[in-house]
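Everything below belongs to query.cif, which stores mmCIF, C-alpha atoms.
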```cif
data_input
loop_
_atom_site.group_PDB
_atom_site.id
_atom_site.type_symbol
_atom_site.label_atom_id
_atom_site.label_comp_id
_atom_site.auth_asym_id
_atom_site.auth_seq_id
_atom_site.Cartn_x
_atom_site.Cartn_y
_atom_site.Cartn_z
ATOM 1 C CA MET X 1 119.683 81.554 103.855
ATOM 2 C CA ILE X 2 117.990 82.680 100.630
ATOM 3 C CA GLY X 3 114.220 82.504 100.938
ATOM 4 C CA TYR X 4 113.329 83.696 97.460
ATOM 5 C CA ALA X 5 114.394 85.922 94.608
ATOM 6 C CA THR X 6 111.920 88.234 92.899
ATOM 7 C CA LEU X 7 112.052 89.371 89.279
ATOM 8 C CA GLY X 8 110.002 92.299 88.027
ATOM 9 C CA THR X 9 107.851 92.014 84.906
ATOM 10 C CA ASN X 10 105.689 94.363 82.875
ATOM 11 C CA ASP X 11 103.846 91.479 81.170
ATOM 12 C CA LEU X 12 102.661 89.186 83.953
ATOM 13 C CA ALA X 13 100.666 86.789 81.759
ATOM 14 C CA ARG X 14 103.607 86.256 79.402
ATOM 15 C CA ALA X 15 106.050 85.844 82.304
ATOM 16 C CA GLN X 16 103.746 83.342 84.023
ATOM 17 C CA ALA X 17 103.461 81.265 80.825
ATOM 18 C CA PHE X 18 107.247 81.340 80.416
ATOM 19 C CA TYR X 19 108.042 80.356 84.024
ATOM 20 C CA ASP X 20 105.214 77.778 84.178
ATOM 21 C CA ALA X 21 106.868 75.922 81.284
ATOM 22 C CA LEU X 22 110.490 76.575 82.239
ATOM 23 C CA LEU X 23 110.294 75.683 85.903
ATOM 24 C CA ALA X 24 108.098 72.627 85.298
ATOM 25 C CA GLU X 25 111.262 71.114 83.816
ATOM 26 C CA ILE X 26 112.745 70.982 87.318
ATOM 27 C CA GLY X 27 109.542 69.995 89.127
ATOM 28 C CA ALA X 28 108.618 73.494 90.287
ATOM 29 C CA LYS X 29 105.130 74.983 90.060
ATOM 30 C CA ARG X 30 103.148 78.006 91.199
ATOM 31 C CA LEU X 31 103.028 77.911 94.978
ATOM 32 C CA MET X 32 101.427 81.294 95.619
ATOM 33 C CA GLU X 33 99.568 83.986 93.678
ATOM 34 C CA LEU X 34 98.515 87.306 95.199
ATOM 35 C CA PRO X 35 95.901 89.687 93.747
ATOM 36 C CA HIS X 36 98.436 92.322 92.608
ATOM 37 C CA GLY X 37 100.250 89.708 90.494
ATOM 38 C CA PHE X 38 102.991 88.391 92.805
ATOM 39 C CA THR X 39 103.502 84.775 91.685
ATOM 40 C CA MET X 40 105.871 82.462 93.559
ATOM 41 C CA TYR X 41 107.334 79.284 92.074
ATOM 42 C CA GLY X 42 109.056 76.434 93.824
ATOM 43 C CA VAL X 43 108.865 72.825 94.848
ATOM 44 C CA ARG X 44 107.711 73.497 98.444
ATOM 45 C CA LEU X 45 107.019 76.573 100.531
ATOM 46 C CA ASP X 46 109.833 75.691 102.930
ATOM 47 C CA ARG X 47 112.450 75.726 100.133
ATOM 48 C CA PRO X 48 114.019 78.647 98.229
ATOM 49 C CA ALA X 49 111.726 79.992 95.512
ATOM 50 C CA LEU X 50 111.522 82.325 92.529
ATOM 51 C CA ALA X 51 108.841 84.993 92.330
ATOM 52 C CA ILE X 52 107.706 87.265 89.527
ATOM 53 C CA THR X 53 105.688 90.431 89.984
ATOM 54 C CA PRO X 54 104.935 93.807 88.486
ATOM 55 C CA PRO X 55 106.991 96.455 90.336
ATOM 56 C CA TYR X 56 105.251 97.813 93.434
ATOM 57 C CA ASP X 57 105.480 101.404 92.194
ATOM 58 C CA GLY X 58 103.734 100.545 88.906
ATOM 59 C CA LYS X 59 106.666 101.764 86.841
ATOM 60 C CA GLU X 60 108.779 99.848 84.320
ATOM 61 C CA ALA X 61 110.402 96.618 85.487
ATOM 62 C CA ARG X 62 114.154 97.094 85.048
ATOM 63 C CA ALA X 63 117.356 96.676 86.999
ATOM 64 C CA GLY X 64 116.719 98.138 90.434
ATOM 65 C CA ASN X 65 112.920 98.193 90.106
ATOM 66 C CA GLY X 66 110.989 95.005 90.661
ATOM 67 C CA ASN X 67 113.898 92.848 91.787
ATOM 68 C CA MET X 68 114.473 91.645 95.338
ATOM 69 C CA LEU X 69 116.379 88.988 97.236
ATOM 70 C CA ALA X 70 114.811 87.755 100.477
ATOM 71 C CA LEU X 71 116.881 86.253 103.276
ATOM 72 C CA VAL X 72 115.431 83.819 105.801
ATOM 73 C CA LEU X 73 116.647 84.248 109.363
ATOM 74 C CA ASP X 74 115.650 82.334 112.464
ATOM 75 C CA GLN X 75 115.690 85.189 114.990
ATOM 76 C CA ARG X 76 114.367 88.744 115.010
ATOM 77 C CA ALA X 77 117.629 89.894 116.613
ATOM 78 C CA LYS X 78 119.509 88.791 113.485
ATOM 79 C CA VAL X 79 117.132 90.788 111.272
ATOM 80 C CA ASP X 80 117.658 93.847 113.452
ATOM 81 C CA ALA X 81 121.458 93.390 113.409
ATOM 82 C CA LEU X 82 121.560 93.189 109.593
ATOM 83 C CA TYR X 83 119.266 96.190 109.280
ATOM 84 C CA LYS X 84 121.503 98.215 111.577
ATOM 85 C CA LYS X 85 124.787 97.044 109.988
ATOM 86 C CA GLY X 86 123.751 97.575 106.346
ATOM 87 C CA PRO X 87 123.810 101.384 106.250
ATOM 88 C CA ALA X 88 126.966 101.492 108.383
#
```

Will you turn the file into structure tokens for me?
Amino acid sequence: MIGYATLGTNDLARAQAFYDALLAEIGAKRLMELPHGFTMYGVRLDRPALAITPPYDGKEARAGNGNMLALVLDQRAKVDALYKKGPA
């Protein structure tokens, strides 16, 4: 169900060095890097992963800004149902 978790960072280079070393201990590595700094770690793209990134709004990374949990669903109807149910 969980696709990936994202953690915000204000020091991408330092965070990458930390997670490169830490996650190598469990066989994980960088699987994806996007130009704005989004860096995804894991063992395979079809497995749950951890991502680090500067917050999208460019402000300080802190609780509630820069963090995200992504769910993987197999049908668009399920996405729509969760989207509708959440605010209710």

Which residues fall under the PyMOL selection byres ((chain X and resi 24-40) around 12) in this file, as a ChimeraX atom specification?
/X:3-13,15-23,41-58,66-67

Quick one: distance from CA of Leu71 (chain X) to CA of Arg14 (chain X) in Å, one decimal?
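Between CA of Leu71 (chain X) and CA of Arg14 (chain X) the gap is 27.3 Å.
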
Could you work out an axis-aligned box for region 28-40 of chain X, taking every atom the file lists and adding 5 Å on each side, and report centre and edge lengths in Å to one decimal, as JSON?
```
{"center_x": 102.3, "center_y": 82.9, "center_z": 92.8, "size_x": 22.7, "size_y": 28.8, "size_z": 15.6}
```

Any idea what the distance is between CA of Ile2 (chain X) and CA of Leu69 (chain X)?
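Those two atoms sit 7.3 Å apart.
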
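Separating CA of Lys84 (chain X) from CA of Met1 (chain X) is a distance of 18.5 Å.
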